[in-house]
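Structure first, then comments.
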Amino acid sequence: MKTFDYSFSTLGCSELNLHEVTDLARHHGIACVELRTLAGTVDLIAALEAEFGSPDRFATFLTGRNLRVAALNTSVRLFENGDLSAVEPFIPWAEAAGIAHLRVFDGGGQLSAQDMSHAEKLLSDWQAMRQSRQLSVDLMIETHDALADSRQLFAFVERVPTARILWDTHHTWAKGSDLATVWQNIAKSVVHLHVKDSRLDDAGSRRYVLPGHGNFPMADLISLLRSSDRQIPLSLEWERHWHPELPPLDDALTAARSWWR
């Protein structure tokens with residue numbers, strides 16, 4: 001059974017507008033994208049307003065191009081922000097286009113009991129607001145900082161079992177956690193995945209490389225996902241916006257075909 005949709009983040013092609021992103025996706029036979037950057041900026045809402053003018057026109061464009069957007073990615077950090085008000089501008093665009101999730105970062109470092117309690121309250125308040133406004137879109141929390149530590153991640157999903165998790169598989173793996181162990185503990189919470197590849201250089205630093213050219217255990221991850229009965233976006237997060245020395249996303253998507261087979 002197919003349990004994931006192949007996707008990519010626009011972080012790898014931040015210079016493109018959405019019309020151009022759509023052409024790139026079609027070239028690679030991909031029908032789902034994750035929006036983090038557009039037209040050279042991480043100010044996603046400003047870029048969408050400049051290109052489409054309104055959420056309704058954005059939604060019409062996606063329907064006409066048969067393109068699904070898996071997520072709109074914010075820069076909000078759950079464990080560092082006092083509230084979640086910064087996600088508000090994203091909501092009309094997500095609702096109009098039927099986008100399932102808004103990404104927020106975890107943020108933070110070594111989490112205290114107070115950190116956990118604060119995050120739990122923020123998410124509870126979000127769900128109450130979401131229900132009162134009858135919103136379809138939900139938040140998903142990326143395992144980027146504090147939650148890349150598997151022990152903290154497991155404690156968090158146990159404490160807040162309704163939290164939706166964007167599992168950055170590379171981040172937890174690079175910190176020494178076995179993919180199977182992480183999946184066993186968080187599978188019910190995972191709604192989206194990031195993948196990328198890397199290898200250690202001569203100085204012992206981890207460097208991003210084209211998919212299949214490093215030592216990320218992609219075959220193991222695919223095997224785990226195929227044991228699931230849920231359909232989960234599997235998104236190549238090619239971080240060229242932050243690492244301009246990397247090859248173009250077009251090259252990375254071509255290389256990633258060996259992973260998808």
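Labeling convention for the structure tokens: chains A, B, ... as they appear, residues from 1 per chain, ligands from 1 in order of appearance.
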Quick one: which stretch 34-62 of chain A residues come within 9 Å of stretch 4-14 of chain A, and what is the nearest atom pair for each with the distance in Å to one decimal, counting only C-alpha atoms, rows ordered by chain and ascending number, as a tab-separated table?
residue	atom	partner	partner_atom	distance
A:Glu34	CA	A:Ser9	CA	4.6
A:Leu35	CA	A:Thr10	CA	5.4
A:Arg36	CA	A:Thr10	CA	5.6
A:Thr37	CA	A:Ser14	CA	5.1
A:Leu38	CA	A:Ser14	CA	5.2
A:Ala39	CA	A:Ser14	CA	6.1
A:Gly40	CA	A:Ser14	CA	5.0
A:Thr41	CA	A:Ser14	CA	6.8
A:Val42	CA	A:Ser14	CA	8.0
Store the residues of this selection in a file with N, CA, C and O atoms, as an mmCIF file, in the first residue's frame.
data_model
loop_
_atom_site.group_PDB
_atom_site.id
_atom_site.type_symbol
_atom_site.label_atom_id
_atom_site.label_comp_id
_atom_site.auth_asym_id
_atom_site.auth_seq_id
_atom_site.Cartn_x
_atom_site.Cartn_y
_atom_site.Cartn_z
ATOM 1 N N GLU A 34 5.710 21.655 -0.530
ATOM 2 C CA GLU A 34 5.672 22.248 0.801
ATOM 3 C C GLU A 34 6.263 23.657 0.669
ATOM 4 O O GLU A 34 7.386 23.803 0.187
ATOM 5 N N LEU A 35 5.518 24.673 1.040
ATOM 6 C CA LEU A 35 5.952 26.047 0.804
ATOM 7 C C LEU A 35 6.646 26.633 2.029
ATOM 8 O O LEU A 35 6.044 26.770 3.105
ATOM 9 N N ARG A 36 7.919 26.969 1.850
ATOM 10 C CA ARG A 36 8.702 27.647 2.876
ATOM 11 C C ARG A 36 9.219 28.993 2.366
ATOM 12 O O ARG A 36 9.251 29.972 3.107
ATOM 13 N N THR A 37 9.641 29.039 1.115
ATOM 14 C CA THR A 37 10.145 30.259 0.490
ATOM 15 C C THR A 37 9.516 30.388 -0.890
ATOM 16 O O THR A 37 9.148 29.391 -1.517
ATOM 17 N N LEU A 38 9.412 31.612 -1.360
ATOM 18 C CA LEU A 38 8.975 31.888 -2.728
ATOM 19 C C LEU A 38 9.588 33.212 -3.163
ATOM 20 O O LEU A 38 9.697 34.153 -2.352
ATOM 21 N N ALA A 39 9.970 33.299 -4.424
ATOM 22 C CA ALA A 39 10.444 34.555 -5.017
ATOM 23 C C ALA A 39 11.544 35.216 -4.196
ATOM 24 O O ALA A 39 11.585 36.430 -4.031
ATOM 25 N N GLY A 40 12.423 34.380 -3.645
ATOM 26 C CA GLY A 40 13.605 34.882 -2.958
ATOM 27 C C GLY A 40 13.425 35.284 -1.515
ATOM 28 O O GLY A 40 14.350 35.840 -0.912
ATOM 29 N N THR A 41 12.269 34.991 -0.917
ATOM 30 C CA THR A 41 12.036 35.436 0.453
ATOM 31 C C THR A 41 11.397 34.335 1.302
ATOM 32 O O THR A 41 10.673 33.477 0.781
ATOM 33 N N VAL A 42 11.674 34.391 2.609
ATOM 34 C CA VAL A 42 10.979 33.508 3.554
ATOM 35 C C VAL A 42 9.676 34.152 4.038
ATOM 36 O O VAL A 42 8.927 33.527 4.794
#
| task | Please identify all polymer residues within 12 Å of A:Leu200, counting only C-alpha atoms, omitting same-chain residues fewer than 2 positions from it, and present them as a PyMOL selection string. | result | chain A and resi 174+197-198+202-209+213-216
| Using the chain letters and numbers from this document, which residues of stretch 50-211 of chain A does DSSP assign to alpha helix (DSSP H), as a PyMOL selection string? | chain A and resi 50-52+55-65+91-97+113-132+150-159+169-174+179-186
Check which residues of stretch 172-202 of chain A sit at most 9 Å from stretch 131-141 of chain A using only C-alpha atoms, and return one row each with the closest pair of atoms and their distance in Å to one decimal, ordered by chain and rising number, as CSV.
residue,atom,partner,partner_atom,distance
A:Val190,CA,A:Met140,CA,8.7
A:Val191,CA,A:Met140,CA,7.5
A:His192,CA,A:Met140,CA,8.1
Go ahead and save the residues from that selection, with all heavy atoms, as an mmCIF file, in the first residue's frame.
data_model
loop_
_atom_site.group_PDB
_atom_site.id
_atom_site.type_symbol
_atom_site.label_atom_id
_atom_site.label_comp_id
_atom_site.auth_asym_id
_atom_site.auth_seq_id
_atom_site.Cartn_x
_atom_site.Cartn_y
_atom_site.Cartn_z
ATOM 1 N N VAL A 190 2.961 11.407 13.815
ATOM 2 C CA VAL A 190 3.622 11.933 12.622
ATOM 3 C C VAL A 190 2.615 12.181 11.510
ATOM 4 O O VAL A 190 1.835 11.304 11.147
ATOM 5 C CB VAL A 190 4.723 10.960 12.133
ATOM 6 C CG1 VAL A 190 5.302 11.427 10.790
ATOM 7 C CG2 VAL A 190 5.836 10.841 13.171
ATOM 8 N N VAL A 191 2.663 13.404 10.943
ATOM 9 C CA VAL A 191 1.778 13.746 9.825
ATOM 10 C C VAL A 191 2.557 14.199 8.594
ATOM 11 O O VAL A 191 1.963 14.425 7.534
ATOM 12 C CB VAL A 191 0.772 14.852 10.225
ATOM 13 C CG1 VAL A 191 -0.193 14.343 11.293
ATOM 14 C CG2 VAL A 191 1.492 16.118 10.694
ATOM 15 N N HIS A 192 3.876 14.322 8.709
ATOM 16 C CA HIS A 192 4.700 14.837 7.613
ATOM 17 C C HIS A 192 6.138 14.451 7.921
ATOM 18 O O HIS A 192 6.520 14.342 9.096
ATOM 19 C CB HIS A 192 4.565 16.365 7.553
ATOM 20 C CG HIS A 192 5.108 17.011 6.328
ATOM 21 N ND1 HIS A 192 4.312 17.427 5.279
ATOM 22 C CD2 HIS A 192 6.367 17.357 5.983
ATOM 23 C CE1 HIS A 192 5.058 17.994 4.349
ATOM 24 N NE2 HIS A 192 6.319 17.962 4.754
#
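Counting only C-alpha atoms and comparing A:Gly212, A:Asp220, A:Thr60, A:Ala97, the residue that lies closest to A:Arg257 is A:Gly212.
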Selection near A:Ala187, 10 Å with only C-alpha atoms, sequence-local residues under 6 positions removed, as a compact mmCIF listing (two decimals) with C-alpha atoms, in the first residue's frame:
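File produced: around.txt:
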# COMPACT_ATOMS: atom_id res chain seq x y z
CA ILE A 165 4.69 16.06 14.41
CA TRP A 167 9.50 14.35 11.76
CA ALA A 180 13.01 2.42 13.95
CA THR A 181 13.09 3.41 17.62
CA LEU A 224 9.20 1.59 8.20
CA LEU A 225 6.74 3.77 6.32
CA SER A 228 1.97 2.05 8.13
CA ARG A 230 -1.54 6.12 6.70
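Going from atom CA of A:Asn185 over to atom CA of A:Ser150, you cover 9.2 Å.
Look at A:Phe58: the protein and nucleic acid residues within 12 Å of it, using only C-alpha atoms and passing over chain neighbours fewer than 3 places away, are Leu18, His19, Ile45, Ala47, Leu48, Glu49, Ala50, Glu51, Phe52, Gly53, Ser54, Pro55, Phe61, Leu62, Thr63, Gly64, Arg65, Leu67, Arg68, Val69, Pro92, Trp93, Ala94, Glu95, Ala96, Ala97, Gly98 and Ile99 of chain A.
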| field | Residue contacts of A:Thr143 (7 Å, only C-alpha atoms) excluding same-chain residues fewer than 4 positions away, as an NGL selection string | value | :A and (106 or 147-148 or 166-168)
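Running DSSP on the backbone gives strand (DSSP E or B) for these residues within stretch 128-220 of chain A: Asp138, Leu139, Met140, Ile141, Glu142, Ile165, Leu166, Trp167, Asp168, Val190, Val191, His192, Leu193, His194, Val195, Asp197, Ser198, Arg199, Leu200, Arg206, Arg207, Tyr208 and Val209 of chain A.
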